[in-house]
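Below: start-v7.cif (mmCIF, C-alpha atoms and all ligand atoms)
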```
data_model
loop_
_atom_site.label_atom_id
_atom_site.label_comp_id
_atom_site.auth_asym_id
_atom_site.auth_seq_id
_atom_site.Cartn_x
_atom_site.Cartn_y
_atom_site.Cartn_z
CA MET A 1 24.92 -19.45 -10.20
CA GLU A 2 22.57 -22.41 -9.95
CA LYS A 3 20.03 -22.19 -7.16
CA PRO A 4 20.17 -24.86 -4.41
CA ARG A 5 17.65 -27.71 -4.58
CA ILE A 6 14.09 -27.09 -3.38
CA ILE A 7 13.19 -28.75 -0.06
CA TRP A 8 9.87 -30.18 -1.18
CA ALA A 9 8.81 -31.40 2.28
CA ASN A 10 8.97 -27.82 3.61
CA VAL A 11 7.32 -26.29 0.54
CA ILE A 12 4.42 -28.77 0.62
CA PHE A 13 3.99 -28.32 4.37
CA PHE A 14 3.86 -24.52 4.12
CA VAL A 15 1.50 -24.56 1.10
CA VAL A 16 -0.90 -27.07 2.68
CA SER A 17 -0.93 -25.42 6.13
CA THR A 18 -1.43 -21.97 4.56
CA LEU A 19 -4.33 -23.14 2.38
CA LEU A 20 -6.01 -24.89 5.30
CA ALA A 21 -5.57 -21.80 7.52
CA LEU A 22 -6.70 -19.24 4.95
CA VAL A 23 -9.34 -21.20 3.02
CA ALA A 24 -10.59 -24.20 5.01
CA VAL A 25 -10.80 -22.34 8.35
CA PRO A 26 -13.02 -19.47 7.08
CA LEU A 27 -15.20 -21.93 5.12
CA TRP A 28 -15.68 -24.10 8.21
CA GLY A 29 -16.44 -20.96 10.20
CA VAL A 30 -19.13 -19.85 7.73
CA PHE A 31 -20.82 -23.21 7.19
CA HIS A 32 -20.31 -24.83 10.57
CA GLY A 33 -19.10 -22.18 13.03
CA PHE A 34 -16.57 -22.29 15.87
CA SER A 35 -17.41 -22.35 19.56
CA ALA A 36 -15.87 -20.04 22.20
CA GLY A 37 -14.08 -23.13 23.60
CA GLN A 38 -12.38 -23.73 20.25
CA TRP A 39 -11.20 -20.11 20.09
CA ILE A 40 -9.85 -20.40 23.65
CA ALA A 41 -7.99 -23.60 22.67
CA PHE A 42 -6.55 -21.72 19.67
CA ALA A 43 -5.41 -18.79 21.85
CA VAL A 44 -3.92 -20.97 24.62
CA LEU A 45 -1.96 -23.16 22.20
CA PHE A 46 -0.81 -20.08 20.25
CA CYS A 47 0.57 -18.45 23.43
CA PHE A 48 2.10 -21.76 24.57
CA CYS A 49 3.90 -22.23 21.24
CA ASN A 50 5.15 -18.66 20.87
CA LEU A 51 6.33 -18.30 24.47
CA SER A 52 8.13 -21.66 24.20
CA ILE A 53 10.02 -20.23 21.25
CA THR A 54 10.72 -16.76 22.72
CA ALA A 55 11.38 -17.68 26.38
CA GLY A 56 12.73 -21.18 25.69
CA TYR A 57 14.37 -21.62 22.28
CA HIS A 58 15.51 -18.00 22.09
CA ARG A 59 16.30 -16.42 25.46
CA LEU A 60 17.00 -19.61 27.46
CA TRP A 61 18.79 -21.96 25.07
CA SER A 62 20.21 -19.81 22.26
CA HIS A 63 21.45 -16.98 24.48
CA LYS A 64 21.52 -18.50 27.99
CA THR A 65 20.15 -15.29 29.52
CA TYR A 66 18.90 -17.30 32.55
CA GLN A 67 18.67 -20.85 33.88
CA ALA A 68 15.38 -22.71 34.09
CA HIS A 69 13.98 -25.51 36.23
CA PRO A 70 13.56 -28.86 34.37
CA ALA A 71 9.75 -28.51 34.55
CA LEU A 72 9.96 -25.26 32.58
CA ARG A 73 12.50 -26.73 30.14
CA TRP A 74 10.16 -29.66 29.41
CA LEU A 75 7.28 -27.29 28.81
CA PHE A 76 9.33 -25.18 26.39
CA ALA A 77 10.71 -28.24 24.58
CA LEU A 78 7.17 -29.61 24.08
CA GLY A 79 5.78 -26.19 23.10
CA GLY A 80 8.60 -25.76 20.57
CA ALA A 81 7.80 -29.11 18.94
CA LEU A 82 4.12 -28.14 18.89
CA ALA A 83 5.15 -24.91 17.10
CA ILE A 84 6.93 -26.97 14.39
CA GLU A 85 10.05 -24.79 14.25
CA ASN A 86 12.64 -27.58 14.30
CA SER A 87 14.44 -28.96 17.38
CA VAL A 88 16.00 -26.67 20.01
CA VAL A 89 19.54 -27.50 18.86
CA HIS A 90 18.83 -26.84 15.21
CA TRP A 91 17.01 -23.58 15.93
CA ALA A 92 19.67 -22.37 18.37
CA SER A 93 22.49 -23.33 16.01
CA ASP A 94 20.97 -21.22 13.21
CA HIS A 95 20.25 -18.40 15.64
CA ARG A 96 23.74 -18.25 17.09
CA ILE A 97 25.14 -18.03 13.54
CA HIS A 98 22.58 -15.28 12.81
CA HIS A 99 23.90 -13.20 15.74
CA ARG A 100 27.56 -13.88 15.07
CA HIS A 101 27.37 -13.11 11.37
CA VAL A 102 24.33 -10.83 11.25
CA ASP A 103 23.78 -9.22 7.81
CA ASN A 104 26.52 -11.32 6.21
CA ASP A 105 24.52 -12.57 3.23
CA GLU A 106 26.79 -15.58 2.76
CA VAL A 107 26.72 -16.88 6.32
CA ASP A 108 23.72 -15.44 8.22
CA PRO A 109 21.07 -18.16 7.62
CA TYR A 110 18.23 -15.64 7.34
CA SER A 111 20.07 -12.46 6.41
CA ALA A 112 17.66 -9.54 5.95
CA GLY A 113 20.02 -8.17 3.30
CA ARG A 114 18.67 -10.84 0.95
CA GLY A 115 15.21 -9.33 1.10
CA PHE A 116 11.95 -9.69 3.02
CA TRP A 117 10.86 -12.98 1.46
CA TYR A 118 14.22 -14.69 1.95
CA SER A 119 14.54 -13.70 5.63
CA HIS A 120 10.86 -14.45 6.33
CA MET A 121 10.45 -17.88 4.73
CA GLY A 122 12.55 -18.26 1.59
CA TRP A 123 15.60 -19.48 3.52
CA MET A 124 13.67 -22.64 4.49
CA MET A 125 12.50 -23.48 0.98
CA ARG A 126 15.82 -24.47 -0.61
CA GLU A 127 18.96 -26.24 0.59
CA TYR A 128 20.83 -22.99 1.28
CA GLN A 129 22.36 -24.45 4.47
CA ALA A 130 22.94 -27.97 3.12
CA GLU A 131 26.67 -28.13 3.90
CA ARG A 132 26.18 -27.44 7.59
CA TYR A 133 22.76 -28.98 8.12
CA ASN A 134 23.84 -31.47 10.76
CA ASP A 135 26.80 -29.52 12.08
CA TYR A 136 25.98 -28.65 15.65
CA ALA A 137 29.47 -27.59 16.74
CA ASN A 138 28.21 -24.21 18.00
CA VAL A 139 25.55 -25.75 20.26
CA ARG A 140 27.48 -28.61 21.87
CA ASP A 141 26.73 -27.12 25.27
CA LEU A 142 23.02 -27.66 24.70
CA PHE A 143 23.33 -31.44 24.30
CA LYS A 144 24.32 -31.59 27.98
CA ASP A 145 20.71 -30.73 28.81
CA PRO A 146 18.86 -34.09 28.77
CA VAL A 147 15.60 -32.33 27.86
CA VAL A 148 17.18 -30.80 24.74
CA ASP A 149 18.90 -34.08 23.83
CA PHE A 150 15.63 -36.04 24.15
CA GLN A 151 13.67 -33.47 22.16
CA HIS A 152 16.26 -33.54 19.35
CA ARG A 153 16.26 -37.36 19.11
CA HIS A 154 12.45 -37.64 19.14
CA TYR A 155 11.58 -34.38 17.42
CA MET A 156 9.37 -35.71 14.61
CA LYS A 157 7.46 -38.06 16.92
CA LEU A 158 6.80 -35.13 19.25
CA VAL A 159 5.64 -32.92 16.36
CA TRP A 160 3.10 -35.47 15.13
CA GLY A 161 2.10 -36.75 18.57
CA LEU A 162 1.53 -33.33 20.09
CA ASN A 163 -0.10 -31.63 17.13
CA LEU A 164 -2.47 -34.48 16.30
CA GLY A 165 -2.88 -35.79 19.85
CA LEU A 166 -3.68 -32.46 21.46
CA THR A 167 -5.97 -31.06 18.78
CA ILE A 168 -7.90 -34.34 18.31
CA ALA A 169 -8.29 -34.78 22.08
CA LEU A 170 -9.54 -31.19 22.41
CA GLY A 171 -11.85 -31.75 19.43
CA LEU A 172 -13.36 -34.87 21.03
CA MET A 173 -13.92 -32.93 24.25
CA MET A 174 -15.67 -30.13 22.35
CA GLY A 175 -17.62 -32.40 19.99
CA ASP A 176 -16.04 -31.09 16.76
CA VAL A 177 -12.78 -32.78 15.79
CA ILE A 178 -12.42 -31.29 12.28
CA GLY A 179 -13.15 -27.71 13.40
CA THR A 180 -10.74 -27.95 16.35
CA VAL A 181 -7.94 -29.47 14.24
CA LEU A 182 -8.43 -26.66 11.73
CA LEU A 183 -8.54 -23.82 14.28
CA ALA A 184 -6.26 -24.94 17.15
CA GLY A 185 -4.11 -26.91 14.71
CA PHE A 186 -3.65 -25.33 11.31
CA LEU A 187 -4.65 -21.70 11.94
CA ARG A 188 -2.56 -21.70 15.14
CA ILE A 189 0.50 -23.10 13.29
CA PHE A 190 0.05 -20.49 10.55
CA VAL A 191 -0.19 -17.58 13.02
CA THR A 192 2.63 -18.91 15.22
CA HIS A 193 4.88 -19.32 12.19
CA HIS A 194 4.38 -15.87 10.73
CA THR A 195 4.59 -14.05 14.06
CA THR A 196 7.93 -15.70 14.79
CA PHE A 197 9.17 -15.36 11.20
CA PHE A 198 8.52 -11.59 11.47
CA ILE A 199 11.43 -11.40 13.93
CA ASN A 200 13.86 -12.44 11.18
CA SER A 201 12.23 -10.35 8.47
CA LEU A 202 10.33 -7.24 9.64
CA ALA A 203 12.38 -6.79 12.84
CA HIS A 204 15.43 -6.30 10.60
CA ILE A 205 13.66 -3.93 8.22
CA TRP A 206 11.08 -1.78 10.00
CA GLY A 207 11.78 0.32 13.08
CA ARG A 208 14.45 2.36 14.81
CA ASN A 209 18.16 1.83 15.45
CA SER A 210 17.79 2.98 19.07
CA PHE A 211 21.01 1.50 20.44
CA SER A 212 23.26 0.68 17.50
CA ASN A 213 23.44 1.02 13.73
CA LYS A 214 26.16 -1.62 13.40
CA HIS A 215 23.50 -4.20 12.45
CA SER A 216 20.14 -4.12 10.66
CA ALA A 217 18.03 -5.12 13.72
CA LYS A 218 15.30 -2.60 14.58
CA ASP A 219 13.26 -1.62 17.64
CA ASN A 220 9.56 -1.62 16.86
CA GLY A 221 6.92 -1.47 19.62
CA LEU A 222 4.15 -2.46 17.21
CA LEU A 223 6.00 -5.59 16.19
CA ALA A 224 6.59 -6.37 19.87
CA LEU A 225 2.80 -6.71 20.23
CA LEU A 226 2.78 -9.50 17.64
CA THR A 227 5.96 -11.23 18.75
CA PHE A 228 5.62 -11.53 22.53
CA GLY A 229 8.15 -8.74 23.06
CA GLU A 230 10.76 -9.70 20.47
CA GLY A 231 10.11 -6.54 18.45
CA TYR A 232 12.75 -4.68 20.47
CA HIS A 233 15.27 -6.34 18.22
CA ASN A 234 17.83 -3.51 18.01
CA PHE A 235 18.33 -3.70 21.76
CA HIS A 236 18.47 -7.49 21.54
CA HIS A 237 21.18 -7.59 18.88
CA THR A 238 23.16 -4.94 20.80
CA PHE A 239 22.87 -6.66 24.19
CA GLU A 240 22.05 -10.29 23.38
CA ASN A 241 22.79 -11.64 26.89
CA ASP A 242 19.97 -9.67 28.50
CA TYR A 243 16.86 -11.70 29.41
CA ARG A 244 14.76 -8.68 28.44
CA ASN A 245 14.18 -7.24 24.98
CA GLY A 246 11.92 -4.35 25.98
CA ILE A 247 13.84 -2.77 28.86
CA ARG A 248 11.51 0.00 30.09
CA TRP A 249 8.93 -1.32 32.58
CA PHE A 250 6.09 -0.39 30.22
CA ASP A 251 7.66 -1.94 27.10
CA TYR A 252 5.36 -4.75 25.96
CA ASP A 253 7.54 -7.80 26.53
CA PRO A 254 5.44 -10.70 27.91
CA THR A 255 8.44 -13.01 27.53
CA LYS A 256 10.43 -10.92 30.04
CA TRP A 257 7.42 -10.87 32.42
CA LEU A 258 7.07 -14.65 32.13
CA ILE A 259 10.77 -15.18 32.95
CA LYS A 260 10.56 -12.72 35.86
CA ALA A 261 7.41 -14.43 37.20
CA ALA A 262 9.10 -17.84 36.84
CA SER A 263 12.04 -16.54 38.89
CA LYS A 264 9.66 -15.42 41.66
CA LEU A 265 8.22 -18.95 41.70
CA GLY A 266 11.67 -20.54 41.90
CA LEU A 267 11.43 -21.90 38.33
CA ALA A 268 14.12 -19.61 36.87
CA GLN A 269 17.32 -18.10 38.21
CA GLY A 270 20.43 -16.16 37.22
CA LEU A 271 18.48 -13.65 35.10
CA ARG A 272 21.10 -11.60 33.26
CA LYS A 273 20.70 -7.85 32.80
CA THR A 274 22.91 -5.37 30.97
CA PRO A 275 24.32 -2.73 33.34
CA ASP A 276 22.22 0.47 33.09
CA GLU A 277 25.28 2.63 32.34
CA LEU A 278 26.04 0.61 29.19
CA ILE A 279 22.44 0.92 27.99
CA VAL A 280 22.36 4.67 28.59
CA LYS A 281 25.72 5.10 26.88
CA ALA A 282 24.60 3.14 23.81
CA ARG A 283 21.36 5.10 23.54
CA LEU A 284 22.99 8.53 24.01
CA THR A 285 25.75 7.70 21.54
CA ARG A 286 23.18 6.65 18.96
CA GLN A 287 21.21 9.86 19.55
CA LEU A 288 24.40 11.90 19.20
CA GLU A 289 25.19 10.19 15.88
CA GLU A 290 21.69 10.90 14.56
CA ALA A 291 21.76 14.52 15.74
CA LYS A 292 25.20 15.03 14.15
CA GLU A 293 23.94 13.70 10.82
CA GLN A 294 21.03 16.15 10.96
CA ALA A 295 23.25 19.04 12.09
CA GLN A 296 25.69 18.30 9.28
CA ALA A 297 22.87 18.35 6.73
CA GLN A 298 21.91 21.82 7.97
CA GLY A 299 25.49 23.08 8.21
CA LEU A 300 25.26 23.51 12.02
CA CYS A 301 28.11 23.21 14.52
CA PHE A 302 28.48 20.03 16.68
CA ALA A 303 30.22 21.65 19.68
CA GLU A 304 27.04 22.24 21.72
CA LEU A 305 25.84 18.69 21.01
CA HIS A 306 29.15 17.17 22.11
CA ARG A 307 29.29 19.24 25.28
CA HIS A 308 25.79 18.16 26.27
CA TYR A 309 26.43 14.54 25.39
CA ASP A 310 29.58 14.48 27.57
CA GLU A 311 27.82 16.11 30.53
CA THR A 312 24.71 13.90 30.32
CA LEU A 313 26.77 10.73 29.98
CA ALA A 314 29.07 11.63 32.90
CA THR A 315 26.07 12.50 35.10
CA ALA A 316 24.27 9.26 34.15
CA GLN A 317 27.35 7.19 34.96
CA HIS A 318 27.81 8.94 38.29
CA TYR A 319 24.11 8.40 39.10
CA PHE A 320 24.29 4.66 38.37
CA GLN A 321 27.50 4.30 40.43
CA LEU A 322 25.79 5.91 43.41
CA ARG A 323 22.78 3.66 42.96
CA LYS A 324 24.99 0.59 42.83
CA ARG A 325 26.62 1.62 46.11
CA TRP A 326 23.21 2.19 47.69
CA LEU A 327 22.05 -1.29 46.63
CA GLN A 328 25.20 -2.81 48.13
CA MET A 329 24.51 -1.03 51.41
CA LYS A 330 20.88 -2.15 51.32
CA LYS A 331 22.02 -5.74 50.82
CA ALA A 332 24.41 -5.39 53.76
CA LYS A 333 21.42 -4.14 55.85
CA LEU A 334 23.06 -0.73 56.28
CA LYS A 335 20.35 1.36 54.67
CA ARG A 336 19.61 3.25 57.90
CA SER A 337 23.24 4.25 58.48
CA VAL A 338 24.29 7.92 58.27
CA GLU A 339 26.37 7.17 55.18
CA ALA A 340 23.42 5.52 53.45
CA LEU A 341 21.11 8.42 54.21
CA GLU A 342 23.69 10.82 52.79
CA LEU A 343 23.98 8.59 49.72
CA ARG A 344 20.21 8.65 49.19
CA LYS A 345 20.27 12.44 49.23
CA GLN A 346 23.05 12.48 46.64
CA ILE A 347 21.13 9.99 44.46
CA GLU A 348 18.03 12.20 44.55
CA GLU A 349 20.05 15.28 43.60
CA MET A 350 21.91 13.47 40.86
CA GLY A 351 18.63 11.99 39.55
CA GLU A 352 17.11 15.47 39.38
CA LYS A 353 20.17 16.79 37.53
CA LEU A 354 20.03 13.86 35.11
CA ARG A 355 16.32 14.42 34.36
CA HIS A 356 17.04 18.09 33.70
CA LEU A 357 19.96 17.28 31.39
CA GLN A 358 17.96 14.66 29.52
CA LEU A 359 15.15 17.14 28.97
CA HIS A 360 17.60 19.67 27.61
CA TRP A 361 19.24 17.00 25.43
CA GLN A 362 15.80 16.16 24.05
CA GLN A 363 15.09 19.85 23.30
CA LEU A 364 18.45 20.24 21.59
CA ARG A 365 17.77 17.23 19.36
CA THR A 366 14.26 18.46 18.52
CA GLN A 367 15.64 21.86 17.49
CA ILE A 368 18.03 20.20 15.05
CA ALA A 369 15.57 17.63 13.69
ZN ZN B 401 18.66 -13.63 19.50
ZN ZN B 402 17.88 -10.86 14.36
#
```

Output the file's structure as structure tokens, nothing else.
Amino acid sequence: MEKPRIIWANVIFFVVSTLLALVAVPLWGVFHGFSAGQWIAFAVLFCFCNLSITAGYHRLWSHKTYQAHPALRWLFALGGALAIENSVVHWASDHRIHHRHVDNDEVDPYSAGRGFWYSHMGWMMREYQAERYNDYANVRDLFKDPVVDFQHRHYMKLVWGLNLGLTIALGLMMGDVIGTVLLAGFLRIFVTHHTTFFINSLAHIWGRNSFSNKHSAKDNGLLALLTFGEGYHNFHHTFENDYRNGIRWFDYDPTKWLIKAASKLGLAQGLRKTPDELIVKARLTRQLEEAKEQAQAQGLCFAELHRHYDETLATAQHYFQLRKRWLQMKKAKLKRSVEALELRKQIEEMGEKLRHLQLHWQQLRTQIA
């Protein structure tokens, strides 16, 4: 079959920005040097761009995991244009198709099944999506947001205005326009691009299927460090309506912390979380599947595994039900009532039992592995 036509504008842009980032930036650094101020400008704009994509384009607009104040939406819309990753509607349209048809090589716009290069950048180099390029039927809801509508209509002006305007203005302030445009402009675009592109490529190739193996998305803590928390991609594809990607408090997910902080400041609300019992069930079921595969390979019996799985799951569900009741009582200002005190005792006992069962479950899995 004939390959679709090359999109020369994209190819030239990627080649030029890559050469400037990888050749011109080091040369300027060696022969001219960069100041601390220029490195700070680079870091601030990098974080601004990436968080606009992760907290704005991705978790706010594509998945609607929370609602944001207009001030925050403007910031994300401007940061997204600065990142040069297309308008919110175009990005979200592609992304919603990616989730709906994940791993379907014909429909998923950046299907990992077509290889690392294709899912990382190749999909943008040719007219693979030509027939639906301006079809925004799956993001009609987003046009109701005047910020999104404005950004879509003026996208190219914003890209040029922000990228040139900001970096030149910063360069004038720091007395080195060329160096600042190279560092806070081209190197920042290069790093922003690849760290977000990794989510479509590496995050579907490298890591663990912690919650589901029905899709190729992987959980990878190392990748989370580079992607502002988006490396917990297996969880994300399993529970896409959750505003978090790294769910344990210590999971490195700055995007979730930003959204949580914004909610404390009254800039975000309606943060959606997956019920704990569903998360625990998905994780335990996945662990059971893995353990069964290993047991099968060694010719061992599954009965013990199944018994433990059933008991741990039932205990976890009971524990979360009790906790839910306790929270309701707390909300109703009844936490000092006799019933509430009794409930607290039960929660402590059930929590202890659950910890014990989980430890045993872990030992059982280690024995088989
Ligand atoms: Zn997503
Ligand atoms: Zn994905």

Please check which protein, DNA or RNA residues sit within 8 Å of ligand ZN 401 (chain B), counting all atoms listed in the file, and write them as JSON, numbers by chain. {"A": [58, 59, 62, 63, 95, 96, 98, 99, 236, 237, 240]}

Distance table requested - chain A against ligand ZN 402 (chain B), cut-off 10 Å, all atoms listed in the file: one row per qualifying residue with the closest atom pair and its distance in Å to one decimal, ordered by chain and rising residue number, as CSV.
```
residue,atom,partner,partner_atom,distance
A:His95,CA,B:ZN402,ZN,8.0
A:Arg96,CA,B:ZN402,ZN,9.8
A:His98,CA,B:ZN402,ZN,6.6
A:His99,CA,B:ZN402,ZN,6.6
A:Val102,CA,B:ZN402,ZN,7.2
A:Asp103,CA,B:ZN402,ZN,9.0
A:Asp108,CA,B:ZN402,ZN,9.6
A:Tyr110,CA,B:ZN402,ZN,8.5
A:Ser111,CA,B:ZN402,ZN,8.4
A:Ala112,CA,B:ZN402,ZN,8.5
A:Ser119,CA,B:ZN402,ZN,9.8
A:Phe198,CA,B:ZN402,ZN,9.8
A:Ile199,CA,B:ZN402,ZN,6.5
A:Asn200,CA,B:ZN402,ZN,5.4
A:Ser201,CA,B:ZN402,ZN,8.2
A:Leu202,CA,B:ZN402,ZN,9.6
A:Ala203,CA,B:ZN402,ZN,7.0
A:His204,CA,B:ZN402,ZN,6.4
A:His215,CA,B:ZN402,ZN,8.9
A:Ser216,CA,B:ZN402,ZN,8.0
A:Ala217,CA,B:ZN402,ZN,5.8
A:Lys218,CA,B:ZN402,ZN,8.7
A:Glu230,CA,B:ZN402,ZN,9.5
A:Gly231,CA,B:ZN402,ZN,9.8
A:His233,CA,B:ZN402,ZN,6.5
A:Asn234,CA,B:ZN402,ZN,8.2
A:His236,CA,B:ZN402,ZN,8.0
A:His237,CA,B:ZN402,ZN,6.5
A:Glu240,CA,B:ZN402,ZN,10.0
```

Nearest residue to Lys273 of chain A out of A:Thr65, A:Val107, A:Met350, A:Gln38, using all atoms listed in the file?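 Selected residue with least distance to Lys273 of chain A: A:Thr65.
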
Can you pull out every residue within 9 Å of segment 353-365 of chain A, counting all atoms listed in the file, but drop anything in the same chain fewer than 4 positions away, and send it as a list in words?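 Those residues are Gln287, Leu288, Glu290, Ala291, Glu304, Leu305, His308, Tyr309, Glu311, Thr312, Thr315, Ala316, Tyr319, Glu348, Glu349 and Ala369 of chain A.
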
Exercise on segment 315-321 of chain A, axis-aligned box with 4 Å per side, report centre and edge lengths in Å to one decimal, as AutoDock Vina command-line options:
```
--center_x 26.0 --center_y 8.4 --center_z 37.3 --size_x 11.7 --size_y 16.2 --size_z 14.3
```

Which is closer to Met174 of chain A than all the others in A:Ala36, A:Ser52, A:Tyr252, A:Thr18, using all atoms listed in the file?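 Closest candidate: A:Ala36.
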
Got a sec: who's within 12 Å of Val11 of chain A, counting only C-alpha atoms, leaving out chain neighbours fewer than 5 positions off, as a ChimeraX atom specification? /A:5-6,16-18,121-127

Can you tell me, as an NGL selection string, what residues are no more than 12 Å from Lys64 of chain A when counting all atoms listed in the file, ignoring any on the same chain fewer than 6 positions away? :A and (55-58 or 92 or 96 or 139 or 141-142 or 240-244 or 268-273)

Leu187 of chain A: which residues within 9 Å, counting only C-alpha atoms, same-chain residues fewer than 5 positions away excluded, as a list in words? Ser17, Thr18, Leu20, Ala21, Leu22, Val25, Phe42, Val181, Leu182 and Thr192 of chain A

How about saving the chosen residues, C-alpha atoms kept, as an mmCIF file, in the coordinates of the input?
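Output file again.cif is given in full below:
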```
data_model
loop_
_atom_site.group_PDB
_atom_site.id
_atom_site.type_symbol
_atom_site.label_atom_id
_atom_site.label_comp_id
_atom_site.auth_asym_id
_atom_site.auth_seq_id
_atom_site.Cartn_x
_atom_site.Cartn_y
_atom_site.Cartn_z
ATOM 1 C CA SER A 17 -0.930 -25.420 6.130
ATOM 2 C CA THR A 18 -1.430 -21.970 4.560
ATOM 3 C CA LEU A 20 -6.010 -24.890 5.300
ATOM 4 C CA ALA A 21 -5.570 -21.800 7.520
ATOM 5 C CA LEU A 22 -6.700 -19.240 4.950
ATOM 6 C CA VAL A 25 -10.800 -22.340 8.350
ATOM 7 C CA PHE A 42 -6.550 -21.720 19.670
ATOM 8 C CA VAL A 181 -7.940 -29.470 14.240
ATOM 9 C CA LEU A 182 -8.430 -26.660 11.730
ATOM 10 C CA THR A 192 2.630 -18.910 15.220
#
```

Using only C-alpha atoms, the residue out of A:Ala297, A:Val23, A:Leu284, A:Ile347 with shortest distance to Asn209 of chain A is A:Leu284

Find the residues around Gly79 of chain A up to 8 Å (all atoms listed in the file counted), leave out those fewer than 6 positions away in its own chain, and share them as an mmCIF file with C-alpha atoms, keeping the file's coordinate frame.
```cif
data_model
loop_
_atom_site.group_PDB
_atom_site.id
_atom_site.type_symbol
_atom_site.label_atom_id
_atom_site.label_comp_id
_atom_site.auth_asym_id
_atom_site.auth_seq_id
_atom_site.Cartn_x
_atom_site.Cartn_y
_atom_site.Cartn_z
ATOM 1 C CA PHE A 48 2.100 -21.760 24.570
ATOM 2 C CA CYS A 49 3.900 -22.230 21.240
ATOM 3 C CA ASN A 50 5.150 -18.660 20.870
ATOM 4 C CA SER A 52 8.130 -21.660 24.200
ATOM 5 C CA ILE A 53 10.020 -20.230 21.250
#
```

List every protein, DNA or RNA residue that has at least one atom no more than 8 Å from (9.4, -12.1, 23.8) in the file's coordinates, counting only C-alpha atoms, and write the result as an MDAnalysis selection string. chainID A and resid 51 54:55 224 227:231 244:245 253:256

Residue subset to file, keeping C-alpha atoms, as a PDB file, in the coordinates of the input:
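Output file selection.pdb follows:
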```pdb
ATOM      1  CA  LEU A  51       6.330 -18.300  24.470  1.00  0.00           C
ATOM      2  CA  THR A  54      10.720 -16.760  22.720  1.00  0.00           C
ATOM      3  CA  ALA A  55      11.380 -17.680  26.380  1.00  0.00           C
ATOM      4  CA  ALA A 224       6.590  -6.370  19.870  1.00  0.00           C
ATOM      5  CA  THR A 227       5.960 -11.230  18.750  1.00  0.00           C
ATOM      6  CA  PHE A 228       5.620 -11.530  22.530  1.00  0.00           C
ATOM      7  CA  GLY A 229       8.150  -8.740  23.060  1.00  0.00           C
ATOM      8  CA  GLU A 230      10.760  -9.700  20.470  1.00  0.00           C
ATOM      9  CA  GLY A 231      10.110  -6.540  18.450  1.00  0.00           C
ATOM     10  CA  ARG A 244      14.760  -8.680  28.440  1.00  0.00           C
ATOM     11  CA  ASN A 245      14.180  -7.240  24.980  1.00  0.00           C
ATOM     12  CA  ASP A 253       7.540  -7.800  26.530  1.00  0.00           C
ATOM     13  CA  PRO A 254       5.440 -10.700  27.910  1.00  0.00           C
ATOM     14  CA  THR A 255       8.440 -13.010  27.530  1.00  0.00           C
ATOM     15  CA  LYS A 256      10.430 -10.920  30.040  1.00  0.00           C
TER      16      LYS A 256
END
```
